[in-house]
Amino acid sequence: MNAERSIRIGQELREWMASRGLTEAELARELSNNTEGVRVSQSWISRICTGEFKRLSGKTAEVLRYANIRIHLSSDVDEEGGKILAAAVDDAWDGSLQSARALAGLLRGAAALARAARR
């Protein structure tokens, strides 16, 4: 991963935290309390926010997933898979914020189950 991408991801995380009024320490606590198996410190969050990482370790990826920050490089994304998912979202989403939150929760739950199955 190049430094420019790491810095951009860090900026996205800072913006996400600011929009929720979270400090680095609060996010670290929230992740540690609400995400099974993820234990991060304030200093780890700080490293991500400043773009001081060279690869997406499991812990960093979990932090970014929690903040709903897309971490896939465009070359990692299967274009046909993206079309399939986009069509499914179009079919299922009624356009409301409530429905979006519900669908996002279902997708994150399914992703967590898939990750657990791979372990």
# chains A, B, ... in the order shown; residues from 1 in each chain; ligands from 1
>>> residues_around(residues="Glu52 of chain A", least_positions_apart="6", cutoff="9 Å", atoms="only C-alpha atoms", output="VMD selection string")
chain A and resid 3 6 to 7 10 46
>>> residues_around(residues="Ile9 of chain A", least_positions_apart="6", cutoff="12 Å", atoms="only C-alpha atoms", output="JSON, numbers by chain")
{"A": [1, 2, 3, 15, 16, 45, 47, 48, 49, 50, 51, 52, 53, 54, 55, 56, 60, 61, 63, 64, 65, 67, 68, 69, 70, 71, 72, 73]}
>>> select_by_dssp(residues="chain A", states="alpha helix (DSSP H)", output="count of residues only")
82
>>> atom_distance(atom1="atom CA of Leu107 of chain A", atom2="atom CA of Thr35 of chain A")
15.3 Å
>>> closest_residue(among="A:Asn33, A:Val89, A:Ala116, A:Ser41", to="Ala104 of chain A", atoms="only C-alpha atoms")
A:Val89
>>> residues_around(residues="Val40 of chain A", least_positions_apart="2", cutoff="9 Å", atoms="only C-alpha atoms", output="PyMOL selection string")
chain A and resi 27-29+31-32+38+42-45+59-60+63
>>> closest_residue(among="A:Gln11, A:Ala87, A:Glu79, A:Tyr66", to="Asn34 of chain A", atoms="only C-alpha atoms")
A:Tyr66
>>> residues_around(residues="Ala112 of chain A", least_positions_apart="6", cutoff="12 Å", atoms="only C-alpha atoms", output="VMD selection string")
chain A and resid 35 to 37 62 65 to 66 105 to 106 118 to 119
>>> atom_distance(atom1="atom CA of Glu26 of chain A", atom2="atom CA of Gly109 of chain A")
22.9 Å
